[in-house]
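Colleague: Next comes the structure file start-v3.cif, holding mmCIF, C-alpha atoms and all ligand atoms.
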```
data_coords
#
loop_
_atom_site.group_PDB
_atom_site.id
_atom_site.type_symbol
_atom_site.label_atom_id
_atom_site.label_comp_id
_atom_site.auth_asym_id
_atom_site.auth_seq_id
_atom_site.Cartn_x
_atom_site.Cartn_y
_atom_site.Cartn_z
ATOM 1 C CA LEU A 20 28.697 -9.425 -1.372
ATOM 2 C CA LYS A 21 31.246 -6.715 -2.060
ATOM 3 C CA LYS A 22 33.794 -5.807 0.599
ATOM 4 C CA ASN A 23 33.645 -2.371 2.234
ATOM 5 C CA TRP A 24 30.134 -1.668 1.079
ATOM 6 C CA PHE A 25 27.502 -0.483 3.528
ATOM 7 C CA THR A 26 24.011 -1.779 2.795
ATOM 8 C CA GLU A 27 20.993 -0.062 4.306
ATOM 9 C CA ASP A 28 19.060 -2.582 6.310
ATOM 10 C CA CYS A 29 15.496 -1.901 7.421
ATOM 11 C CA GLU A 30 12.347 -3.924 7.897
ATOM 12 C CA MET A 31 10.435 -1.080 6.180
ATOM 13 C CA TRP A 32 11.952 -1.911 2.785
ATOM 14 C CA PRO A 33 12.248 -5.669 2.404
ATOM 15 C CA GLY A 34 13.584 -7.281 -0.754
ATOM 16 C CA GLY A 35 15.717 -4.490 -2.194
ATOM 17 C CA THR A 36 18.002 -1.861 -0.768
ATOM 18 C CA PHE A 37 20.738 0.718 -1.391
ATOM 19 C CA SER A 38 24.489 0.164 -0.969
ATOM 20 C CA ILE A 39 27.354 2.598 -0.793
ATOM 21 C CA GLU A 40 31.126 2.044 -0.968
ATOM 22 C CA VAL A 41 32.850 3.012 2.286
ATOM 23 C CA LYS A 42 36.363 4.502 2.343
ATOM 24 C CA GLU A 43 36.586 4.827 6.114
ATOM 25 C CA VAL A 44 34.453 4.353 9.202
ATOM 26 C CA LEU A 45 34.785 7.673 11.051
ATOM 27 C CA TYR A 46 32.473 6.941 13.979
ATOM 28 C CA SER A 47 30.522 3.956 15.224
ATOM 29 C CA GLU A 48 28.912 4.045 18.693
ATOM 30 C CA PRO A 49 25.486 3.519 20.169
ATOM 31 C CA SER A 50 23.842 6.537 21.857
ATOM 32 C CA ALA A 51 21.047 6.317 24.430
ATOM 33 C CA TYR A 52 18.540 6.227 21.531
ATOM 34 C CA GLN A 53 20.138 4.677 18.469
ATOM 35 C CA LYS A 54 23.264 3.297 16.841
ATOM 36 C CA ILE A 55 25.212 6.123 15.177
ATOM 37 C CA ASN A 56 27.608 5.627 12.257
ATOM 38 C CA VAL A 57 29.515 8.150 10.188
ATOM 39 C CA PHE A 58 31.262 6.924 7.054
ATOM 40 C CA ASP A 59 33.483 8.568 4.493
ATOM 41 C CA THR A 60 32.493 7.119 1.108
ATOM 42 C CA THR A 61 33.972 7.041 -2.399
ATOM 43 C CA LYS A 62 30.981 8.578 -4.205
ATOM 44 C CA PHE A 63 28.753 10.408 -1.701
ATOM 45 C CA GLY A 64 31.193 12.067 0.713
ATOM 46 C CA LYS A 65 30.449 11.877 4.441
ATOM 47 C CA VAL A 66 27.362 9.873 5.382
ATOM 48 C CA LEU A 67 25.324 9.838 8.626
ATOM 49 C CA VAL A 68 23.586 6.541 9.443
ATOM 50 C CA LEU A 69 21.195 5.968 12.385
ATOM 51 C CA ASP A 70 20.075 2.431 13.271
ATOM 52 C CA GLY A 71 21.261 1.188 9.872
ATOM 53 C CA ILE A 72 19.339 3.847 7.888
ATOM 54 C CA ILE A 73 21.005 6.616 5.860
ATOM 55 C CA GLN A 74 19.968 10.037 7.201
ATOM 56 C CA CYS A 75 21.993 12.187 4.832
ATOM 57 C CA THR A 76 25.022 12.236 2.566
ATOM 58 C CA GLU A 77 27.291 15.136 1.710
ATOM 59 C CA LYS A 78 26.472 14.812 -1.997
ATOM 60 C CA ASP A 79 22.679 15.095 -1.906
ATOM 61 C CA GLU A 80 21.625 16.350 1.562
ATOM 62 C CA PHE A 81 20.848 19.790 0.163
ATOM 63 C CA ALA A 82 17.933 18.450 -1.901
ATOM 64 C CA TYR A 83 16.062 17.185 1.165
ATOM 65 C CA GLN A 84 17.010 20.008 3.569
ATOM 66 C CA GLU A 85 16.131 22.791 1.107
ATOM 67 C CA MET A 86 12.786 21.243 0.186
ATOM 68 C CA ILE A 87 11.569 20.424 3.702
ATOM 69 C CA SER A 88 12.462 24.008 4.695
ATOM 70 C CA PHE A 89 11.513 26.209 1.767
ATOM 71 C CA LEU A 90 8.250 24.525 0.756
ATOM 72 C CA PRO A 91 6.510 25.577 4.009
ATOM 73 C CA LEU A 92 8.484 28.824 4.490
ATOM 74 C CA CYS A 93 7.570 30.088 1.029
ATOM 75 C CA LEU A 94 3.872 29.266 1.540
ATOM 76 C CA HIS A 95 3.580 31.339 4.732
ATOM 77 C CA LYS A 96 3.174 35.123 4.366
ATOM 78 C CA ASN A 97 5.312 35.933 7.383
ATOM 79 C CA PRO A 98 7.239 32.929 8.767
ATOM 80 C CA GLU A 99 8.889 34.797 11.664
ATOM 81 C CA LYS A 100 9.051 32.031 14.238
ATOM 82 C CA VAL A 101 9.933 28.509 13.133
ATOM 83 C CA LEU A 102 10.173 25.228 15.065
ATOM 84 C CA ILE A 103 12.330 22.330 13.822
ATOM 85 C CA VAL A 104 11.728 18.882 15.319
ATOM 86 C CA GLY A 105 14.630 16.443 14.792
ATOM 87 C CA GLY A 106 17.275 17.553 12.300
ATOM 88 C CA GLY A 107 20.212 16.744 14.603
ATOM 89 C CA ASP A 108 22.723 17.212 11.773
ATOM 90 C CA GLY A 109 21.939 20.961 11.600
ATOM 91 C CA GLY A 110 21.117 20.986 7.872
ATOM 92 C CA VAL A 111 17.514 22.166 8.200
ATOM 93 C CA ALA A 112 18.525 24.940 10.646
ATOM 94 C CA ARG A 113 21.125 26.017 8.049
ATOM 95 C CA GLU A 114 18.405 26.338 5.391
ATOM 96 C CA VAL A 115 15.677 27.916 7.576
ATOM 97 C CA ALA A 116 18.121 30.602 8.755
ATOM 98 C CA LYS A 117 18.550 31.721 5.107
ATOM 99 C CA HIS A 118 14.913 32.827 4.667
ATOM 100 C CA PRO A 119 14.806 36.622 4.982
ATOM 101 C CA LYS A 120 11.523 36.668 6.973
ATOM 102 C CA VAL A 121 12.670 34.201 9.644
ATOM 103 C CA LYS A 122 13.591 35.936 12.934
ATOM 104 C CA GLU A 123 13.598 33.121 15.464
ATOM 105 C CA ILE A 124 14.275 29.367 15.161
ATOM 106 C CA VAL A 125 13.614 26.861 17.926
ATOM 107 C CA GLN A 126 14.899 23.307 17.462
ATOM 108 C CA VAL A 127 14.133 20.153 19.468
ATOM 109 C CA GLU A 128 16.389 17.153 18.846
ATOM 110 C CA ILE A 129 16.120 14.036 21.012
ATOM 111 C CA ASP A 130 19.707 12.828 20.692
ATOM 112 C CA GLU A 131 22.550 15.027 21.906
ATOM 113 C CA LYS A 132 25.074 12.569 20.428
ATOM 114 C CA VAL A 133 23.808 13.171 16.884
ATOM 115 C CA ILE A 134 24.428 16.907 17.361
ATOM 116 C CA GLU A 135 27.901 16.312 18.792
ATOM 117 C CA VAL A 136 28.921 13.859 16.061
ATOM 118 C CA SER A 137 27.574 16.160 13.320
ATOM 119 C CA LYS A 138 29.573 19.093 14.701
ATOM 120 C CA LYS A 139 32.720 16.985 14.553
ATOM 121 C CA TYR A 140 32.297 15.099 11.249
ATOM 122 C CA LEU A 141 29.615 16.957 9.261
ATOM 123 C CA PRO A 142 30.474 20.661 9.694
ATOM 124 C CA PHE A 143 28.934 21.541 6.300
ATOM 125 C CA MET A 144 25.529 20.816 7.892
ATOM 126 C CA ALA A 145 26.280 21.588 11.536
ATOM 127 C CA VAL A 146 27.005 25.231 10.560
ATOM 128 C CA GLY A 147 23.233 25.522 11.052
ATOM 129 C CA PHE A 148 23.836 25.416 14.812
ATOM 130 C CA ASP A 149 25.899 28.623 14.610
ATOM 131 C CA SER A 150 22.949 30.758 13.533
ATOM 132 C CA PRO A 151 22.258 33.542 16.044
ATOM 133 C CA LYS A 152 18.539 33.027 15.303
ATOM 134 C CA LEU A 153 18.605 29.473 16.762
ATOM 135 C CA LYS A 154 17.670 28.175 20.234
ATOM 136 C CA LEU A 155 18.427 24.453 20.543
ATOM 137 C CA HIS A 156 16.749 22.090 23.039
ATOM 138 C CA VAL A 157 17.656 18.460 23.601
ATOM 139 C CA CYS A 158 14.402 16.596 24.274
ATOM 140 C CA ASP A 159 11.681 14.497 22.705
ATOM 141 C CA GLY A 160 9.751 16.373 20.027
ATOM 142 C CA PHE A 161 6.430 14.854 21.041
ATOM 143 C CA GLU A 162 6.811 15.927 24.685
ATOM 144 C CA PHE A 163 7.999 19.409 23.703
ATOM 145 C CA MET A 164 4.977 19.891 21.472
ATOM 146 C CA ALA A 165 2.568 18.993 24.258
ATOM 147 C CA ASN A 166 3.892 21.977 26.263
ATOM 148 C CA HIS A 167 3.745 24.637 23.542
ATOM 149 C CA LYS A 168 0.560 26.312 22.311
ATOM 150 C CA HIS A 169 -0.037 28.955 19.599
ATOM 151 C CA GLU A 170 3.649 29.839 19.324
ATOM 152 C CA PHE A 171 4.971 29.056 15.862
ATOM 153 C CA ASP A 172 4.269 30.194 12.298
ATOM 154 C CA VAL A 173 5.920 27.140 10.725
ATOM 155 C CA ILE A 174 6.800 23.732 12.198
ATOM 156 C CA ILE A 175 9.150 21.425 10.275
ATOM 157 C CA THR A 176 9.437 17.799 11.404
ATOM 158 C CA ASP A 177 12.759 16.529 10.066
ATOM 159 C CA SER A 178 12.485 13.134 11.661
ATOM 160 C CA SER A 179 13.913 9.701 11.089
ATOM 161 C CA ASP A 180 11.580 6.964 9.852
ATOM 162 C CA PRO A 181 8.767 5.508 11.993
ATOM 163 C CA VAL A 182 10.760 2.561 13.363
ATOM 164 C CA GLY A 183 12.889 4.014 16.214
ATOM 165 C CA PRO A 184 12.583 7.083 18.476
ATOM 166 C CA ALA A 185 10.535 8.896 15.814
ATOM 167 C CA VAL A 186 7.567 6.516 15.801
ATOM 168 C CA ASN A 187 5.322 8.947 17.728
ATOM 169 C CA LEU A 188 5.974 11.718 15.203
ATOM 170 C CA PHE A 189 3.887 9.878 12.594
ATOM 171 C CA ARG A 190 0.731 9.480 14.732
ATOM 172 C CA GLU A 191 -2.482 11.509 14.623
ATOM 173 C CA ASN A 192 -1.955 12.666 18.242
ATOM 174 C CA TYR A 193 1.257 14.359 17.154
ATOM 175 C CA PHE A 194 -0.517 16.183 14.323
ATOM 176 C CA ILE A 195 -3.116 17.417 16.828
ATOM 177 C CA LEU A 196 -0.283 18.797 18.984
ATOM 178 C CA LEU A 197 1.308 20.386 15.893
ATOM 179 C CA LYS A 198 -1.963 22.109 15.032
ATOM 180 C CA ASN A 199 -2.272 23.479 18.570
ATOM 181 C CA ALA A 200 1.338 24.709 18.654
ATOM 182 C CA LEU A 201 0.763 26.870 15.556
ATOM 183 C CA LYS A 202 -0.319 30.498 15.415
ATOM 184 C CA PRO A 203 -3.322 31.332 13.196
ATOM 185 C CA ASN A 204 -2.594 30.554 9.527
ATOM 186 C CA GLY A 205 0.383 28.402 10.536
ATOM 187 C CA ILE A 206 1.890 25.709 8.308
ATOM 188 C CA ILE A 207 3.552 22.370 9.062
ATOM 189 C CA CYS A 208 5.812 20.194 6.922
ATOM 190 C CA SER A 209 6.824 16.634 7.851
ATOM 191 C CA GLN A 210 9.060 13.953 6.339
ATOM 192 C CA ALA A 211 6.504 11.532 4.902
ATOM 193 C CA GLY A 212 8.240 8.612 3.204
ATOM 194 C CA THR A 213 8.624 7.470 -0.379
ATOM 195 C CA VAL A 214 5.902 6.613 -2.888
ATOM 196 C CA TRP A 215 7.743 3.584 -4.324
ATOM 197 C CA ASN A 216 8.145 1.742 -1.005
ATOM 198 C CA ASP A 217 5.667 3.279 1.397
ATOM 199 C CA LEU A 218 2.608 4.404 -0.552
ATOM 200 C CA ASP A 219 0.348 3.278 2.300
ATOM 201 C CA LEU A 220 2.456 5.228 4.821
ATOM 202 C CA VAL A 221 2.221 8.282 2.563
ATOM 203 C CA SER A 222 -1.557 8.001 2.288
ATOM 204 C CA ASN A 223 -1.909 7.390 6.046
ATOM 205 C CA ILE A 224 0.046 10.519 6.950
ATOM 206 C CA LEU A 225 -1.758 12.553 4.337
ATOM 207 C CA GLN A 226 -5.092 11.346 5.711
ATOM 208 C CA ILE A 227 -4.068 12.336 9.259
ATOM 209 C CA CYS A 228 -2.926 15.727 8.021
ATOM 210 C CA LYS A 229 -6.181 16.278 6.098
ATOM 211 C CA ASN A 230 -8.178 15.368 9.215
ATOM 212 C CA GLN A 231 -6.417 18.049 11.262
ATOM 213 C CA PHE A 232 -5.671 20.887 8.833
ATOM 214 C CA ALA A 233 -7.790 23.085 6.559
ATOM 215 C CA LYS A 234 -5.604 22.036 3.602
ATOM 216 C CA ALA A 235 -3.042 19.259 3.137
ATOM 217 C CA ALA A 236 -0.904 17.876 0.292
ATOM 218 C CA TYR A 237 2.103 15.652 -0.458
ATOM 219 C CA ALA A 238 5.123 17.075 -2.278
ATOM 220 C CA TYR A 239 7.829 15.114 -4.067
ATOM 221 C CA ALA A 240 11.645 15.380 -4.143
ATOM 222 C CA SER A 241 14.441 13.378 -5.723
ATOM 223 C CA VAL A 242 17.152 12.259 -3.254
ATOM 224 C CA PRO A 243 19.312 9.436 -4.666
ATOM 225 C CA THR A 244 20.519 8.046 -1.316
ATOM 226 C CA TYR A 245 17.070 7.656 0.249
ATOM 227 C CA PRO A 246 15.233 4.366 -0.404
ATOM 228 C CA SER A 247 14.102 4.260 -4.048
ATOM 229 C CA GLY A 248 15.800 7.613 -4.688
ATOM 230 C CA GLN A 249 12.788 9.657 -3.699
ATOM 231 C CA ILE A 250 11.269 11.205 -0.586
ATOM 232 C CA GLY A 251 8.267 13.365 0.128
ATOM 233 C CA PHE A 252 6.689 15.679 2.624
ATOM 234 C CA VAL A 253 3.187 16.289 3.884
ATOM 235 C CA ILE A 254 2.295 19.913 4.224
ATOM 236 C CA GLY A 255 -0.679 21.053 6.282
ATOM 237 C CA SER A 256 -2.011 24.594 6.516
ATOM 238 C CA LEU A 257 -4.492 26.207 8.907
ATOM 239 C CA ASP A 258 -5.129 28.822 6.209
ATOM 240 C CA LYS A 259 -7.846 27.482 3.902
ATOM 241 C CA ASP A 260 -6.862 29.965 1.207
ATOM 242 C CA VAL A 261 -3.330 28.637 0.777
ATOM 243 C CA VAL A 262 -2.574 27.365 -2.749
ATOM 244 C CA PHE A 263 0.264 24.872 -2.358
ATOM 245 C CA ASP A 264 1.728 25.257 -5.824
ATOM 246 C CA LYS A 265 1.691 29.076 -5.629
ATOM 247 C CA PRO A 266 4.459 30.181 -3.224
ATOM 248 C CA VAL A 267 3.908 33.654 -1.742
ATOM 249 C CA HIS A 268 7.656 34.275 -1.634
ATOM 250 C CA VAL A 269 9.051 34.102 -5.156
ATOM 251 C CA PHE A 270 12.828 33.887 -5.667
ATOM 252 C CA THR A 271 14.745 35.225 -8.663
ATOM 253 C CA GLU A 272 17.901 33.503 -9.941
ATOM 254 C CA GLU A 273 19.819 36.206 -8.097
ATOM 255 C CA ASP A 274 18.072 35.267 -4.825
ATOM 256 C CA GLU A 275 18.856 31.583 -5.438
ATOM 257 C CA LYS A 276 22.530 32.415 -5.858
ATOM 258 C CA GLU A 277 22.653 34.677 -2.846
ATOM 259 C CA MET A 278 20.928 32.078 -0.646
ATOM 260 C CA LYS A 279 23.162 29.327 -2.083
ATOM 261 C CA LEU A 280 20.159 27.235 -3.146
ATOM 262 C CA ARG A 281 21.062 24.204 -5.232
ATOM 263 C CA TYR A 282 17.752 22.306 -5.478
ATOM 264 C CA TYR A 283 14.839 24.536 -4.431
ATOM 265 C CA SER A 284 13.583 27.197 -6.809
ATOM 266 C CA THR A 285 10.154 28.730 -7.340
ATOM 267 C CA ASP A 286 9.675 26.431 -10.370
ATOM 268 C CA ILE A 287 10.688 23.310 -8.394
ATOM 269 C CA HIS A 288 8.235 24.368 -5.672
ATOM 270 C CA LYS A 289 5.373 24.420 -8.191
ATOM 271 C CA ALA A 290 6.453 21.114 -9.740
ATOM 272 C CA ALA A 291 6.829 19.302 -6.389
ATOM 273 C CA PHE A 292 3.043 19.003 -6.042
ATOM 274 C CA VAL A 293 2.634 17.375 -9.466
ATOM 275 C CA LEU A 294 2.566 13.635 -8.695
ATOM 276 C CA PRO A 295 3.003 10.546 -10.888
ATOM 277 C CA THR A 296 -0.335 9.101 -12.010
ATOM 278 C CA PHE A 297 -0.261 5.992 -9.794
ATOM 279 C CA VAL A 298 0.399 8.206 -6.750
ATOM 280 C CA LYS A 299 -2.283 10.725 -7.659
ATOM 281 C CA GLN A 300 -4.800 7.911 -8.102
ATOM 282 C CA HIS A 301 -3.857 6.248 -4.806
ATOM 283 C CA LEU A 302 -3.985 9.512 -2.855
ATOM 284 C CA ARG A 303 -7.328 10.469 -4.388
ATOM 285 C CA LYS A 304 -8.920 7.959 -2.017
ATOM 286 C CA VAL A 305 -7.697 10.064 0.924
HETATM 287 N N1 LIG B 1 18.361 16.087 8.194
HETATM 288 C C1 LIG B 1 18.071 14.837 7.580
HETATM 289 C C2 LIG B 1 18.211 13.730 8.494
HETATM 290 C C3 LIG B 1 17.200 13.209 9.240
HETATM 291 S S1 LIG B 1 17.604 13.295 10.820
HETATM 292 C C4 LIG B 1 16.329 12.810 11.815
HETATM 293 C C5 LIG B 1 16.616 13.258 13.257
HETATM 294 O O1 LIG B 1 15.432 13.057 14.031
HETATM 295 C C6 LIG B 1 17.727 12.492 13.986
HETATM 296 O O2 LIG B 1 18.716 13.414 14.391
HETATM 297 C C7 LIG B 1 17.022 11.853 15.187
HETATM 298 O O3 LIG B 1 17.823 11.758 16.344
HETATM 299 C C8 LIG B 1 15.852 12.814 15.375
HETATM 300 N N2 LIG B 1 14.697 12.278 16.114
HETATM 301 C C9 LIG B 1 14.168 11.038 16.072
HETATM 302 N N3 LIG B 1 13.125 10.933 16.913
HETATM 303 C C10 LIG B 1 12.962 12.143 17.507
HETATM 304 C C11 LIG B 1 12.050 12.649 18.488
HETATM 305 N N4 LIG B 1 11.091 11.886 19.010
HETATM 306 N N5 LIG B 1 12.180 13.945 18.883
HETATM 307 C C12 LIG B 1 13.166 14.736 18.356
HETATM 308 N N6 LIG B 1 14.046 14.298 17.432
HETATM 309 C C13 LIG B 1 13.958 13.017 17.006
HETATM 310 C C14 LIG B 1 15.965 12.599 8.628
HETATM 311 C C15 LIG B 1 16.269 11.403 7.761
HETATM 312 C C16 LIG B 1 15.133 10.813 6.993
HETATM 313 C C17 LIG B 1 15.439 9.388 6.555
HETATM 314 C C18 LIG B 1 14.580 8.901 5.444
HETATM 315 N N7 LIG B 1 14.748 7.493 5.133
#
```
What is this file in structure tokens?
Modeller:
Amino acid sequence: LKKNWFTEDCEMWPGGTFSIEVKEVLYSEPSAYQKINVFDTTKFGKVLVLDGIIQCTEKDEFAYQEMISFLPLCLHKNPEKVLIVGGGDGGVAREVAKHPKVKEIVQVEIDEKVIEVSKKYLPFMAVGFDSPKLKLHVCDGFEFMANHKHEFDVIITDSSDPVGPAVNLFRENYFILLKNALKPNGIICSQAGTVWNDLDLVSNILQICKNQFAKAAYAYASVPTYPSGQIGFVIGSLDKDVVFDKPVHVFTEEDEKEMKLRYYSTDIHKAAFVLPTFVKQHLRKV
């Protein structure tokens, strides 16, 4: 094994994993919920790791944060009030705050330490916490959801994988709470795993989402530092007339520049719902 390389280690992906060359360990402490590491690396800039799993790297975080934010925001006619669950690095808040229709953002992150560490070591994402539109709560997303009804236009669940504190955020009960926390015609978008490693997880979450929402689909994004270089999202809408690959907010190249978008575009939005054949066939059973 090479020296100074960090290797992602998780029971979810046995038999093959991603490694990254570390220049310096900037932080390494357990919080009340998970072990937190921040590395500076030779190729991917600063990296946030929770319980041995890469959450984001400076080089490619924008792909994930833009997609999980703009896919649902651009499918909702008037996404004024948005809830973010998780997202303790601030990157999703940074993206959501850019959408011209968004007036109010509420965020619920379970781990205060992740927020603190991100503010210190990952300011390029933690700028999201400076938005005047944002109200930040430190508590469990599942519990928060149980106490909020008919409040939000869009709910984004930017959660870690279903092995640590996020395990409840992948259950059907959570999707029932999400549905009840939405206003009429509301939309949700949740981190939903990769098709190469977790096709059964993807189909399970999609099934749950289809059970609870008028319409549901899985969308695809390329993120090199997530397992297998890919991640996806389930999107559920209470509006039965939504057409997932037809965003209602269309951005010009000028808009993309002004909003500093580097991955999301109206064309990428349309393409994200086009799935590889083996995935399409597997998800057809859902
Ligand atoms: N922005 C991309 C990074 C993440 S962060 C996931 C966040 O979810 C973490 O800050 C974690 O503390 C928070 N979290 C976990 N469980 C809960 C919970 N129950 N309530 C609120 N917040 C929670 C996502 C990385 C995806 C990794 C893919 N392999």
Colleague: May I have the centre and edge lengths, in Å to one decimal, of an axis-aligned box around the listed atoms of ligand LIG 1 (chain B) with 8 Å added to every side, as JSON?
Modeller:
```
{"center_x": 14.9, "center_y": 11.8, "center_z": 12.1, "size_x": 23.6, "size_y": 24.6, "size_z": 29.9}
```
Colleague: As an exercise, work out the distance from CA of Tyr52 (chain A) to CA of Ala165 (chain A) in Å and give it to one decimal place.
Modeller: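 Distance between the two atoms: 20.6 Å.
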Colleague: Give the answer as one residue: which of A:Glu85, A:Asp79, A:Asp59, A:Asp180 has the shortest atom-to-atom distance to ligand LIG 1 (chain B), using all atoms listed in the file?
Modeller: A:Asp180
Colleague: Residue by residue, what does the PyMOL selection byres (((chain A and resi 181) around 12) and not hetatm) grab here? Present the result as a PyMOL selection string.
Modeller: chain A and resi 29-31+70+72+177-180+182-190+210-212+217+220-221+224
Colleague: Using all atoms listed in the file for the distances, tell me which of A:Lys259, A:Lys54, A:Lys42, A:Lys234 is nearest to ligand LIG 1 (chain B).
Modeller: A:Lys54
Colleague: Val125 (chain A): which residues within 8 Å, counting only C-alpha atoms, same-chain residues fewer than 4 positions away excluded, as a list of chain:residue names?
Modeller: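 Close residues of Val125 (chain A): A:Lys100, A:Val101, A:Leu102, A:Ile103, A:Leu153, A:Lys154, A:Leu155, A:His156.
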Colleague: Tell me which protein, DNA and RNA residues are within 12 Å of Asp286 (chain A), counting all atoms listed in the file, leaving out same-chain ones fewer than 4 positions away, and put them as a list in words.
Modeller: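 The contact residues come out as Leu90, Asp264, Lys265, Pro266, His268, Val269, Phe270, Thr271, Glu272, Glu275, Tyr282, Ala290, Ala291, Phe292 and Val293 of chain A.
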Colleague: Quick one: residues within 6 Å of ligand LIG 1 (chain B), with all atoms listed in the file, as JSON, numbers by chain?
Modeller: {"A": [74, 75, 104, 105, 106, 107, 108, 110, 127, 128, 129, 130, 133, 159, 160, 161, 177, 178, 179, 180, 184, 185, 245]}
Colleague: What does the distance from CA of Val157 (chain A) to CA of Glu135 (chain A) come to in Å, to one decimal?
Modeller: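 Going from CA of Val157 (chain A) over to CA of Glu135 (chain A), I get 11.5 Å.
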Colleague: Using only C-alpha atoms, which of A:Val121, A:Leu45, A:Leu197, A:Leu294 sits nearest Cys93 (chain A)?
Modeller: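 Using only C-alpha atoms, Cys93 (chain A) sits closest to A:Val121.
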Colleague: Hey, which of A:His301, A:Gln249, A:Glu191, A:Lys120 ends up closest to Leu94 (chain A)? Count only C-alpha atoms.
Modeller: A:Lys120
Colleague: Can you tell me how far CA of Val298 (chain A) sits from CA of Ile174 (chain A), in Å to one decimal?
Modeller: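 Taking CA of Val298 (chain A) as the start and CA of Ile174 (chain A) as the end point, the length is 25.3 Å.
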Colleague: So which one's closest to Ser284 (chain A), A:Asn56, A:Ser88, A:Gln226, A:Ser247? Using only C-alpha atoms, please.
Modeller: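 Nearest to Ser284 (chain A): A:Ser88.
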Colleague: Could you tell me, as a ChimeraX atom specification, exactly which residues end up selected when the PyMOL selection byres (((chain A and resi 24-26) around 8) and not hetatm) is applied to this structure?
Modeller: /A:21-23,27-28,36-41
Colleague: Do a neighbour search on Ile207 (chain A) at 6 Å with all atoms listed in the file, toss out local chain neighbours closer than 2 positions, and write the hits as a compact mmCIF listing (two decimals) with C-alpha atoms, keeping the file's coordinate frame.
Modeller:
```txt
# COMPACT_ATOMS: atom_id res chain seq x y z
CA VAL A 173 5.92 27.14 10.72
CA ILE A 174 6.80 23.73 12.20
CA ILE A 175 9.15 21.42 10.28
CA ILE A 254 2.30 19.91 4.22
CA GLY A 255 -0.68 21.05 6.28
```
Colleague: Ranking A:Lys152, A:Lys132, A:Lys279, A:His118 by minimum distance to Ser50 (chain A) and counting all atoms listed in the file, which one comes first?
Modeller: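 Of A:Lys152, A:Lys132, A:Lys279, A:His118, the one nearest Ser50 (chain A), counting all atoms listed in the file, is A:Lys132.
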Colleague: Would you pick out the contacts of Tyr83 (chain A) at 8 Å or less, using only C-alpha atoms, so that residues sharing its chain but fewer than 6 positions from it are not included, and give the list as a PyMOL selection string?
Modeller: chain A and resi 240+242+250
Colleague: For the point (31.7, 19.1, 9.4) in the file's frame, write as a ChimeraX atom specification all residues with an atom no more than 12 Å away, counting only C-alpha atoms.
Modeller: /A:45,57,59,64-67,76-77,108-110,134-148
Colleague: Considering all atoms listed in the file, return as a list in words whatever protein or nucleic-acid residues lie within 6 Å of Ile55 (chain A), sequence-local ones (same chain, fewer than 2 positions apart) excluded.
Modeller: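 The residues satisfying every condition are Ser47, Glu48, Pro49, Val68 and Leu69 of chain A.
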